[in-house]
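final-v4.cif, holding mmCIF, C-alpha atoms:
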```
data_coords
#
loop_
_atom_site.group_PDB
_atom_site.id
_atom_site.type_symbol
_atom_site.label_atom_id
_atom_site.label_comp_id
_atom_site.auth_asym_id
_atom_site.auth_seq_id
_atom_site.Cartn_x
_atom_site.Cartn_y
_atom_site.Cartn_z
ATOM 1 C CA MET A 1 109.981 112.734 137.835
ATOM 2 C CA SER A 2 113.358 114.443 137.624
ATOM 3 C CA ASP A 3 113.589 118.162 136.873
ATOM 4 C CA LYS A 4 115.366 117.350 133.646
ATOM 5 C CA VAL A 5 112.477 115.172 132.394
ATOM 6 C CA ARG A 6 109.917 117.747 133.520
ATOM 7 C CA ILE A 7 111.726 120.546 131.685
ATOM 8 C CA ALA A 8 112.214 118.384 128.603
ATOM 9 C CA ARG A 9 108.500 117.470 128.642
ATOM 10 C CA GLN A 10 107.605 121.128 128.629
ATOM 11 C CA PHE A 11 110.134 121.667 125.868
ATOM 12 C CA ILE A 12 108.558 118.999 123.652
ATOM 13 C CA SER A 13 105.013 120.168 124.270
ATOM 14 C CA ALA A 14 106.224 123.651 123.240
ATOM 15 C CA LEU A 15 107.189 122.366 119.775
ATOM 16 C CA PRO A 16 103.985 123.001 117.813
ATOM 17 C CA PHE A 17 104.480 120.169 115.307
ATOM 18 C CA SER A 18 105.396 117.597 117.973
ATOM 19 C CA GLU A 19 102.320 118.740 119.883
ATOM 20 C CA ALA A 20 100.176 118.403 116.729
ATOM 21 C CA LEU A 21 101.324 114.772 116.442
ATOM 22 C CA ASN A 22 100.575 114.194 120.167
ATOM 23 C CA MET A 23 104.127 113.084 120.935
ATOM 24 C CA SER A 24 104.892 112.398 124.571
ATOM 25 C CA LEU A 25 108.220 112.089 126.325
ATOM 26 C CA ASP A 26 108.373 108.790 128.206
ATOM 27 C CA GLY A 27 111.984 108.929 129.357
ATOM 28 C CA LEU A 28 115.120 111.051 129.228
ATOM 29 C CA GLU A 29 118.481 110.337 130.758
ATOM 30 C CA ASP A 30 122.114 111.066 129.882
ATOM 31 C CA GLY A 31 121.853 111.037 126.118
ATOM 32 C CA ILE A 32 118.960 108.559 125.841
ATOM 33 C CA ALA A 33 115.413 109.687 124.999
ATOM 34 C CA VAL A 34 112.162 107.734 124.654
ATOM 35 C CA ILE A 35 109.239 109.426 122.885
ATOM 36 C CA SER A 36 105.939 107.902 121.746
ATOM 37 C CA MET A 37 103.200 108.903 119.310
ATOM 38 C CA PRO A 38 99.684 107.448 119.379
ATOM 39 C CA TYR A 39 98.018 106.088 116.239
ATOM 40 C CA ASP A 40 96.062 108.818 114.476
ATOM 41 C CA ALA A 41 93.958 108.450 111.307
ATOM 42 C CA ARG A 42 95.154 111.906 110.141
ATOM 43 C CA LEU A 43 98.696 110.555 109.826
ATOM 44 C CA VAL A 44 97.842 107.679 107.481
ATOM 45 C CA GLY A 45 100.049 107.474 104.390
ATOM 46 C CA ASP A 46 98.415 104.593 102.548
ATOM 47 C CA PRO A 47 94.610 104.685 102.613
ATOM 48 C CA ARG A 48 94.389 101.047 101.438
ATOM 49 C CA THR A 49 96.209 99.724 104.486
ATOM 50 C CA GLY A 50 95.791 102.423 107.168
ATOM 51 C CA VAL A 51 99.550 102.419 107.760
ATOM 52 C CA ILE A 52 101.064 105.634 109.193
ATOM 53 C CA HIS A 53 103.062 107.724 106.677
ATOM 54 C CA GLY A 54 106.848 107.365 106.855
ATOM 55 C CA GLY A 55 107.103 111.150 107.187
ATOM 56 C CA ALA A 56 105.266 111.065 110.540
ATOM 57 C CA VAL A 57 107.692 108.374 111.753
ATOM 58 C CA SER A 58 110.568 110.617 110.549
ATOM 59 C CA ALA A 59 109.162 113.513 112.570
ATOM 60 C CA LEU A 60 109.024 111.287 115.657
ATOM 61 C CA MET A 61 112.571 110.011 115.071
ATOM 62 C CA ASP A 62 113.911 113.546 114.503
ATOM 63 C CA THR A 63 112.312 114.859 117.694
ATOM 64 C CA CYS A 64 113.566 111.901 119.728
ATOM 65 C CA CYS A 65 117.120 112.165 118.359
ATOM 66 C CA GLY A 66 117.175 115.912 119.098
ATOM 67 C CA ALA A 67 115.976 115.258 122.664
ATOM 68 C CA ALA A 68 118.703 112.623 123.115
ATOM 69 C CA VAL A 69 121.342 115.177 122.062
ATOM 70 C CA MET A 70 119.938 117.816 124.442
ATOM 71 C CA SER A 71 120.017 115.372 127.372
ATOM 72 C CA HIS A 72 123.665 114.390 126.803
ATOM 73 C CA PRO A 73 125.865 114.953 129.888
ATOM 74 C CA SER A 74 127.959 117.470 127.908
ATOM 75 C CA ASN A 75 124.951 119.838 128.231
ATOM 76 C CA PRO A 76 124.701 121.268 124.721
ATOM 77 C CA GLY A 77 123.102 124.718 124.528
ATOM 78 C CA GLY A 78 121.119 123.856 121.429
ATOM 79 C CA THR A 79 121.003 121.498 118.485
ATOM 80 C CA ALA A 80 119.855 121.218 114.880
ATOM 81 C CA THR A 81 119.729 118.235 112.525
ATOM 82 C CA ILE A 82 122.502 118.006 109.920
ATOM 83 C CA ASP A 83 121.427 114.691 108.435
ATOM 84 C CA LEU A 84 118.984 111.929 109.295
ATOM 85 C CA ARG A 85 118.687 108.556 107.589
ATOM 86 C CA ILE A 86 115.736 106.278 108.247
ATOM 87 C CA GLU A 87 115.331 102.644 107.284
ATOM 88 C CA TYR A 88 111.769 101.377 107.197
ATOM 89 C CA LEU A 89 112.017 97.734 108.202
ATOM 90 C CA ARG A 90 108.309 96.938 108.115
ATOM 91 C CA ALA A 91 104.919 98.672 108.142
ATOM 92 C CA ALA A 92 103.744 99.791 111.596
ATOM 93 C CA LYS A 93 100.549 97.976 112.640
ATOM 94 C CA PRO A 94 97.498 100.222 112.122
ATOM 95 C CA GLY A 95 95.967 101.259 115.443
ATOM 96 C CA GLN A 96 99.171 100.865 117.447
ATOM 97 C CA LYS A 97 101.271 103.454 119.249
ATOM 98 C CA ILE A 98 104.823 103.991 117.940
ATOM 99 C CA THR A 99 107.630 104.399 120.471
ATOM 100 C CA THR A 100 111.140 105.544 119.587
ATOM 101 C CA ARG A 101 114.290 105.251 121.658
ATOM 102 C CA ALA A 102 117.266 107.380 120.617
ATOM 103 C CA GLU A 103 120.798 107.231 121.940
ATOM 104 C CA CYS A 104 123.337 110.015 121.513
ATOM 105 C CA TYR A 105 126.450 107.830 121.560
ATOM 106 C CA HIS A 106 129.162 110.359 120.771
ATOM 107 C CA VAL A 107 129.559 114.121 121.013
ATOM 108 C CA THR A 108 132.420 116.272 119.804
ATOM 109 C CA ARG A 109 132.778 120.042 120.254
ATOM 110 C CA SER A 110 130.426 120.696 117.349
ATOM 111 C CA VAL A 111 128.745 117.432 116.283
ATOM 112 C CA ALA A 112 126.566 114.818 118.002
ATOM 113 C CA PHE A 113 126.053 111.283 116.647
ATOM 114 C CA VAL A 114 122.739 109.551 117.306
ATOM 115 C CA ARG A 115 121.057 106.237 116.537
ATOM 116 C CA ALA A 116 117.430 105.341 117.138
ATOM 117 C CA THR A 117 114.872 102.577 116.752
ATOM 118 C CA ALA A 118 111.079 102.730 116.514
ATOM 119 C CA GLU A 119 108.711 99.996 117.640
ATOM 120 C CA ASP A 120 104.951 99.533 117.627
ATOM 121 C CA GLU A 121 103.136 97.428 120.242
ATOM 122 C CA GLU A 122 104.210 94.125 118.678
ATOM 123 C CA ASP A 123 107.147 92.564 120.481
ATOM 124 C CA ALA A 124 110.681 92.210 119.307
ATOM 125 C CA SER A 125 110.950 93.492 115.757
ATOM 126 C CA PRO A 126 111.463 97.236 115.207
ATOM 127 C CA VAL A 127 109.437 99.185 112.630
ATOM 128 C CA ALA A 128 112.301 101.504 111.678
ATOM 129 C CA THR A 129 115.859 102.413 112.549
ATOM 130 C CA ALA A 130 117.591 105.771 112.147
ATOM 131 C CA THR A 131 121.033 107.298 112.309
ATOM 132 C CA GLY A 132 121.630 111.001 112.447
ATOM 133 C CA THR A 133 124.204 113.706 112.951
ATOM 134 C CA PHE A 134 123.369 116.935 114.740
ATOM 135 C CA VAL A 135 125.206 120.198 115.111
ATOM 136 C CA VAL A 136 125.637 121.212 118.756
ATOM 137 C CA GLU A 137 125.867 124.743 119.991
ATOM 138 C CA GLY A 138 128.037 125.803 122.947
ATOM 139 C CA ALA A 139 127.473 124.124 126.314
ATOM 140 C CA LYS A 140 125.096 125.854 128.735
ATOM 141 C CA MET B 1 98.222 108.339 55.221
ATOM 142 C CA SER B 2 95.795 109.120 57.984
ATOM 143 C CA ARG B 3 96.768 110.505 61.305
ATOM 144 C CA THR B 4 94.630 110.261 64.447
ATOM 145 C CA LYS B 5 93.256 113.600 65.484
ATOM 146 C CA PRO B 6 94.872 114.894 68.702
ATOM 147 C CA GLU B 7 92.665 114.800 71.794
ATOM 148 C CA PRO B 8 91.020 118.112 72.748
ATOM 149 C CA VAL B 9 93.118 119.916 75.352
ATOM 150 C CA GLN B 10 90.329 120.084 77.931
ATOM 151 C CA ILE B 11 89.905 116.290 77.840
ATOM 152 C CA ILE B 12 93.619 115.795 78.471
ATOM 153 C CA LYS B 13 93.682 118.332 81.300
ATOM 154 C CA LYS B 14 90.581 116.893 82.924
ATOM 155 C CA ARG B 15 92.055 113.400 82.905
ATOM 156 C CA ARG B 16 95.496 114.398 84.198
ATOM 157 C CA ASP B 17 94.280 116.863 86.827
ATOM 158 C CA GLY B 18 91.608 114.394 87.945
ATOM 159 C CA ALA B 19 94.145 111.597 88.384
ATOM 160 C CA LEU B 20 96.521 113.866 90.297
ATOM 161 C CA ARG B 21 93.731 115.151 92.554
ATOM 162 C CA ALA B 22 92.602 111.590 93.331
ATOM 163 C CA LEU B 23 96.163 110.430 94.017
ATOM 164 C CA VAL B 24 96.991 113.327 96.358
ATOM 165 C CA GLY B 25 93.550 113.688 97.937
ATOM 166 C CA GLY B 26 93.458 110.023 98.944
ATOM 167 C CA VAL B 27 96.326 110.342 101.432
ATOM 168 C CA PRO B 28 95.238 111.696 104.856
ATOM 169 C CA TYR B 29 98.765 112.767 105.923
ATOM 170 C CA ILE B 30 99.134 114.997 102.821
ATOM 171 C CA ASN B 31 95.905 116.779 103.779
ATOM 172 C CA PHE B 32 97.054 117.027 107.399
ATOM 173 C CA LEU B 33 100.219 118.870 106.305
ATOM 174 C CA GLY B 34 98.323 120.939 103.707
ATOM 175 C CA ILE B 35 100.637 119.957 100.811
ATOM 176 C CA GLU B 36 99.411 120.792 97.289
ATOM 177 C CA PHE B 37 100.752 119.803 93.866
ATOM 178 C CA GLU B 38 101.027 121.884 90.708
ATOM 179 C CA ARG B 39 101.357 120.199 87.315
ATOM 180 C CA ARG B 40 103.052 121.400 84.130
ATOM 181 C CA GLY B 41 102.675 118.563 81.629
ATOM 182 C CA ASP B 42 104.090 115.631 83.572
ATOM 183 C CA GLU B 43 106.279 117.804 85.840
ATOM 184 C CA LEU B 44 105.075 118.177 89.418
ATOM 185 C CA THR B 45 105.944 120.826 91.987
ATOM 186 C CA ALA B 46 104.900 120.279 95.592
ATOM 187 C CA ILE B 47 103.902 123.296 97.662
ATOM 188 C CA LEU B 48 103.803 123.426 101.452
ATOM 189 C CA PRO B 49 101.898 126.552 102.498
ATOM 190 C CA PHE B 50 103.182 127.769 105.852
ATOM 191 C CA SER B 51 101.010 127.231 108.921
ATOM 192 C CA ASP B 52 101.800 127.680 112.622
ATOM 193 C CA LYS B 53 101.431 124.003 113.474
ATOM 194 C CA LEU B 54 104.440 123.186 111.228
ATOM 195 C CA ILE B 55 106.879 124.974 113.543
ATOM 196 C CA GLY B 56 109.513 123.030 115.471
ATOM 197 C CA ASN B 57 111.407 125.548 117.504
ATOM 198 C CA PRO B 58 109.061 128.455 118.346
ATOM 199 C CA LEU B 59 111.980 130.678 119.423
ATOM 200 C CA ILE B 60 113.599 130.931 115.980
ATOM 201 C CA PRO B 61 110.828 130.148 114.609
ATOM 202 C CA ALA B 62 111.696 127.395 112.133
ATOM 203 C CA LEU B 63 109.919 124.540 110.360
ATOM 204 C CA HIS B 64 110.118 121.278 112.334
ATOM 205 C CA GLY B 65 112.760 118.949 110.885
ATOM 206 C CA GLY B 66 110.059 116.293 110.728
ATOM 207 C CA VAL B 67 107.886 118.575 108.578
ATOM 208 C CA THR B 68 110.768 119.050 106.144
ATOM 209 C CA ALA B 69 111.422 115.287 106.033
ATOM 210 C CA SER B 70 107.699 114.598 105.550
ATOM 211 C CA PHE B 71 107.408 117.181 102.773
ATOM 212 C CA LEU B 72 110.361 115.636 100.907
ATOM 213 C CA GLU B 73 109.064 112.077 101.349
ATOM 214 C CA VAL B 74 105.527 112.998 100.244
ATOM 215 C CA THR B 75 106.940 114.751 97.145
ATOM 216 C CA SER B 76 109.056 111.681 96.310
ATOM 217 C CA ILE B 77 106.198 109.195 96.681
ATOM 218 C CA ILE B 78 103.688 111.261 94.683
ATOM 219 C CA THR B 79 106.211 112.009 91.904
ATOM 220 C CA LEU B 80 107.093 108.317 91.707
ATOM 221 C CA SER B 81 103.438 107.183 91.700
ATOM 222 C CA TRP B 82 102.624 109.804 89.084
ATOM 223 C CA ALA B 83 105.376 108.554 86.750
ATOM 224 C CA TYR B 84 104.248 104.970 87.373
ATOM 225 C CA LEU B 85 100.612 105.801 86.545
ATOM 226 C CA TRP B 86 101.300 108.036 83.563
ATOM 227 C CA GLU B 87 101.250 105.426 80.810
ATOM 228 C CA ASP B 88 98.107 103.684 82.066
ATOM 229 C CA MET B 89 96.422 107.032 82.577
ATOM 230 C CA GLU B 90 97.238 108.213 79.046
ATOM 231 C CA SER B 91 96.261 104.934 77.379
ATOM 232 C CA GLY B 92 92.962 104.793 79.246
ATOM 233 C CA ALA B 93 93.863 101.535 81.029
ATOM 234 C CA LEU B 94 93.441 103.452 84.299
ATOM 235 C CA GLU B 95 89.906 104.760 84.701
ATOM 236 C CA VAL B 96 90.390 108.107 86.381
ATOM 237 C CA ASP B 97 86.675 108.471 87.240
ATOM 238 C CA LYS B 98 86.884 105.313 89.332
ATOM 239 C CA MET B 99 89.915 106.335 91.400
ATOM 240 C CA ASP B 100 88.408 106.449 94.887
ATOM 241 C CA GLY B 101 89.481 105.134 98.273
ATOM 242 C CA GLU B 102 88.749 101.554 97.255
ATOM 243 C CA HIS B 103 90.351 101.672 93.832
ATOM 244 C CA MET B 104 93.469 103.705 94.435
ATOM 245 C CA PRO B 105 96.600 102.494 92.697
ATOM 246 C CA ARG B 106 99.000 100.915 95.175
ATOM 247 C CA LEU B 107 101.696 103.311 96.349
ATOM 248 C CA PRO B 108 105.456 102.709 96.406
ATOM 249 C CA LYS B 109 106.820 101.876 99.876
ATOM 250 C CA THR B 110 109.801 103.700 101.328
ATOM 251 C CA ILE B 111 112.800 101.441 101.948
ATOM 252 C CA ASP B 112 115.118 104.159 103.230
ATOM 253 C CA PHE B 113 115.230 107.941 103.169
ATOM 254 C CA THR B 114 118.163 110.254 103.943
ATOM 255 C CA VAL B 115 117.532 113.931 104.557
ATOM 256 C CA ASP B 116 120.238 116.575 104.301
ATOM 257 C CA TYR B 117 119.218 119.708 106.228
ATOM 258 C CA LEU B 118 121.048 122.521 104.469
ATOM 259 C CA ARG B 119 119.449 125.584 106.054
ATOM 260 C CA THR B 120 116.815 126.453 108.604
ATOM 261 C CA GLY B 121 113.298 126.112 107.183
ATOM 262 C CA LEU B 122 111.826 129.605 107.487
ATOM 263 C CA PRO B 123 108.203 130.278 108.502
ATOM 264 C CA ARG B 124 106.990 130.724 104.921
ATOM 265 C CA ASP B 125 105.866 128.570 101.981
ATOM 266 C CA ALA B 126 108.189 125.844 100.713
ATOM 267 C CA TYR B 127 108.459 124.122 97.335
ATOM 268 C CA ALA B 128 109.898 120.781 96.237
ATOM 269 C CA ARG B 129 110.572 118.771 93.104
ATOM 270 C CA ALA B 130 111.716 115.169 92.868
ATOM 271 C CA THR B 131 113.795 113.453 90.171
ATOM 272 C CA ILE B 132 113.612 109.727 89.550
ATOM 273 C CA ASN B 133 117.188 108.611 88.951
ATOM 274 C CA ARG B 134 116.463 104.899 88.735
ATOM 275 C CA SER B 135 113.124 103.385 87.941
ATOM 276 C CA GLY B 136 113.398 99.616 88.028
ATOM 277 C CA ARG B 137 110.813 96.845 88.302
ATOM 278 C CA ARG B 138 111.647 96.172 91.938
ATOM 279 C CA TYR B 139 112.827 99.471 93.323
ATOM 280 C CA ALA B 140 113.378 103.110 92.426
ATOM 281 C CA SER B 141 115.925 105.708 93.533
ATOM 282 C CA VAL B 142 114.639 109.256 93.926
ATOM 283 C CA HIS B 143 116.349 112.556 94.682
ATOM 284 C CA VAL B 144 114.292 115.485 95.929
ATOM 285 C CA GLU B 145 115.112 119.157 96.488
ATOM 286 C CA ALA B 146 113.229 121.769 98.514
ATOM 287 C CA TRP B 147 113.575 125.533 98.526
ATOM 288 C CA GLN B 148 111.755 128.601 99.797
ATOM 289 C CA ASP B 149 112.548 132.056 98.401
ATOM 290 C CA ASN B 150 115.269 131.166 95.911
ATOM 291 C CA ARG B 151 115.204 128.098 93.690
ATOM 292 C CA ALA B 152 119.023 127.929 93.711
ATOM 293 C CA LYS B 153 119.251 128.050 97.531
ATOM 294 C CA LEU B 154 117.954 124.702 98.731
ATOM 295 C CA PHE B 155 116.998 124.428 102.400
ATOM 296 C CA ALA B 156 116.867 120.623 102.266
ATOM 297 C CA GLN B 157 117.460 117.725 99.915
ATOM 298 C CA ALA B 158 117.000 113.982 100.258
ATOM 299 C CA THR B 159 117.617 110.678 98.524
ATOM 300 C CA GLY B 160 115.391 107.687 99.038
ATOM 301 C CA HIS B 161 114.787 104.166 97.784
ATOM 302 C CA PHE B 162 111.281 102.876 97.215
ATOM 303 C CA LEU B 163 109.839 99.414 96.666
ATOM 304 C CA MET B 164 107.571 99.543 93.606
ATOM 305 C CA PRO B 165 104.097 97.989 93.635
ATOM 306 C CA GLN B 166 104.170 94.768 91.627
ATOM 307 C CA ARG B 167 101.952 94.785 88.547
ATOM 308 C CA ARG B 168 99.461 91.947 88.597
ATOM 309 C CA ASP B 169 99.524 91.034 84.905
#
```
Please express what this file holds, its structure, as structure tokens.
Amino acid sequence: MSDKVRIARQFISALPFSEALNMSLDGLEDGIAVISMPYDARLVGDPRTGVIHGGAVSALMDTCCGAAVMSHPSNPGGTATIDLRIEYLRAAKPGQKITTRAECYHVTRSVAFVRATAEDEEDASPVATATGTFVVEGAK
Amino acid sequence: MSRTKPEPVQIIKKRRDGALRALVGGVPYINFLGIEFERRGDELTAILPFSDKLIGNPLIPALHGGVTASFLEVTSIITLSWAYLWEDMESGALEVDKMDGEHMPRLPKTIDFTVDYLRTGLPRDAYARATINRSGRRYASVHVEAWQDNRAKLFAQATGHFLMPQRRD
């Protein structure tokens, strides 16, 4: 495990809400982050179906996009979300882990642009997609 | 000309508060976040009491962006469901006493949701109200605003589209 991933892992486990949702960092490299969240009955949004609430998926997407920005080669000193749009393509399968992959595809002096997808354990079709813009603070 | 006598106020309150409690209490994620709803007639205000687990960055400390997004989405869905249920609740077509896990009305499904983070969410209580700008048979468009100390100083707002449950009649 690279130092960067180790430090980022510690960083994510230090975010109380990400910790409360049991998020774990599965990969981090040059502007790309992979973070997963296990199924948890406390996060259910629709009691009739057992499907996870969209808000919990948003939290996962937001964390993953922020991590992607922080891992960008331009070495931003910090970041905060300006705007995040999520499209819910289908309901996540109850009982399955959700994994997001975010890519920070462009960074200017003050803004980072990110896109992300979320998948459950079914193959091929994503559960949700997201696009976001983040403010970046001075390079480290 | 005869006029029907208005319902006693306690009967109306019991029905409306009961329906709201059943609607909100049935969703595990709302309980997990600790969100509550206050009702004035048909107007709802969502309240997110601060708790340590809601923090994102412990150095600032600030609410996690995902908490803010969740709070706004929960407020939108409950406000939309509430408006959708209102007529059936008032006419008696919806039996409030029988609203349990098995007989919950079906909830709208989020199609897309865009959050605008205006200010850092401070480590204190937050409030939100949603406005339904389009309420169609197929989908609805909802705008939601959240604030903390000052109603005029929003810390986040969002717009979302929701697929409405199809009535089975």
task: Spell out the residues picked by the PyMOL selection byres ((chain A) within 10 of (chain B)) here, as a ChimeraX atom specification.
output: /A:11-12,14-21,40-50,52-63,66,80-91,128-134
task: For CA of Thr99 (chain A) and CA of Thr79 (chain A), quote the distance in Å rounded to one decimal.
output: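 Computing it gives 21.8 Å between the two atoms.
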message: Going by the chain IDs and residue numbers used in this file, which residues fall under the PyMOL selection byres ((chain A and resi 117) around 7)? Write them as a list in words.
response: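 Given this file, the PyMOL selection byres ((chain A and resi 117) around 7) evaluates to Thr100, Arg101, Ala102, Ala116, Ala118, Glu119, Pro126, Ala128, Thr129 and Ala130 of chain A.
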task: Check which residues satisfy the PyMOL selection byres ((chain A and resi 29) around 10) in the file shown, then give them as a PyMOL selection string.
output: chain A and resi 2+4-5+27-28+30-34+67-68+70-73+103
message: List as a list in words the residues having at least one atom at most 12 Å from position (108.0, 106.3, 84.1) as given in the file, counting only C-alpha atoms.
response: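 Nearby residues: Asp42, Glu43, Thr79, Leu80, Ser81, Trp82, Ala83, Tyr84, Leu85, Trp86, Glu87, Asp88, Met89, Thr131, Ile132, Asn133, Arg134, Ser135, Gly136, Arg137, Ala140 and Met164 of chain B.
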- request: Go ahead and compute the interatomic distance for CA of Ala93 (chain B) and CA of Thr75 (chain B), in Å to one decimal.
  value: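 Between CA of Ala93 (chain B) and CA of Thr75 (chain B) the gap is 24.6 Å.
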Can you sort out the box for region 88-93 of chain B, edges along x, y and z, all listed atoms in, 3 Å on every side, with centre and edge lengths in Å to one decimal, as JSON?
```
{"center_x": 95.5, "center_y": 104.9, "center_z": 80.0, "size_x": 11.1, "size_y": 12.7, "size_z": 11.2}
```
task: Please measure the separation of CA of Ala124 (chain A) and CA of Val69 (chain A), giving the value in Å to one decimal.
output: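 Here the two named atoms are 25.5 Å from each other.
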query: Hey, which of B:Glu95, B:Glu38, B:Glu90, B:Glu145 ends up closest to Leu20 (chain B)? Count only C-alpha atoms.
result: B:Glu38
task: Excluding Asp120 (chain A) and any residue of its chain fewer than 2 positions from it, enumerate the residues within 8 Å of it, using only C-alpha atoms, and give them as an MDAnalysis selection string.
output: chainID A and resid 92:93 96:99 118 122:123 126:127
task: Do a neighbour search on Val111 (chain A) at 6 Å with only C-alpha atoms, toss out local chain neighbours closer than 3 positions, and write the hits as a list of chain:residue names.
output: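 So, after excluding close chain neighbours, the residues are A:Val107, A:Thr108, A:Phe134, A:Val135, A:Val136.
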Could region 108-137 of chain B be written out with C-alpha atoms, as an mmCIF file, in the first residue's frame, please?
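File written: out-v5.cif
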```
data_model
loop_
_atom_site.group_PDB
_atom_site.id
_atom_site.type_symbol
_atom_site.label_atom_id
_atom_site.label_comp_id
_atom_site.auth_asym_id
_atom_site.auth_seq_id
_atom_site.Cartn_x
_atom_site.Cartn_y
_atom_site.Cartn_z
ATOM 1 C CA PRO B 108 -41.652 9.008 -4.613
ATOM 2 C CA LYS B 109 -38.326 7.898 -6.129
ATOM 3 C CA THR B 110 -35.517 10.354 -6.766
ATOM 4 C CA ILE B 111 -34.632 10.715 -10.450
ATOM 5 C CA ASP B 112 -31.935 13.343 -9.980
ATOM 6 C CA PHE B 113 -30.859 15.731 -7.248
ATOM 7 C CA THR B 114 -28.535 18.746 -7.493
ATOM 8 C CA VAL B 115 -27.125 20.281 -4.338
ATOM 9 C CA ASP B 116 -25.706 23.794 -4.190
ATOM 10 C CA TYR B 117 -23.400 24.167 -1.171
ATOM 11 C CA LEU B 118 -23.571 27.855 -0.319
ATOM 12 C CA ARG B 119 -21.781 27.950 3.033
ATOM 13 C CA THR B 120 -20.097 25.607 5.456
ATOM 14 C CA GLY B 121 -22.624 23.678 7.554
ATOM 15 C CA LEU B 122 -21.822 24.676 11.134
ATOM 16 C CA PRO B 123 -21.898 22.226 14.066
ATOM 17 C CA ARG B 124 -25.388 23.251 15.193
ATOM 18 C CA ASP B 125 -29.023 22.483 14.332
ATOM 19 C CA ALA B 126 -30.193 22.936 10.746
ATOM 20 C CA TYR B 127 -33.642 23.549 9.270
ATOM 21 C CA ALA B 128 -35.126 22.968 5.821
ATOM 22 C CA ARG B 129 -38.305 23.569 3.861
ATOM 23 C CA ALA B 130 -39.185 22.256 0.421
ATOM 24 C CA THR B 131 -41.429 23.781 -2.261
ATOM 25 C CA ILE B 132 -43.124 21.678 -4.906
ATOM 26 C CA ASN B 133 -42.817 23.647 -8.133
ATOM 27 C CA ARG B 134 -44.322 21.014 -10.404
ATOM 28 C CA SER B 135 -46.565 18.221 -9.293
ATOM 29 C CA GLY B 136 -47.488 16.086 -12.274
ATOM 30 C CA ARG B 137 -48.889 12.569 -12.597
#
```
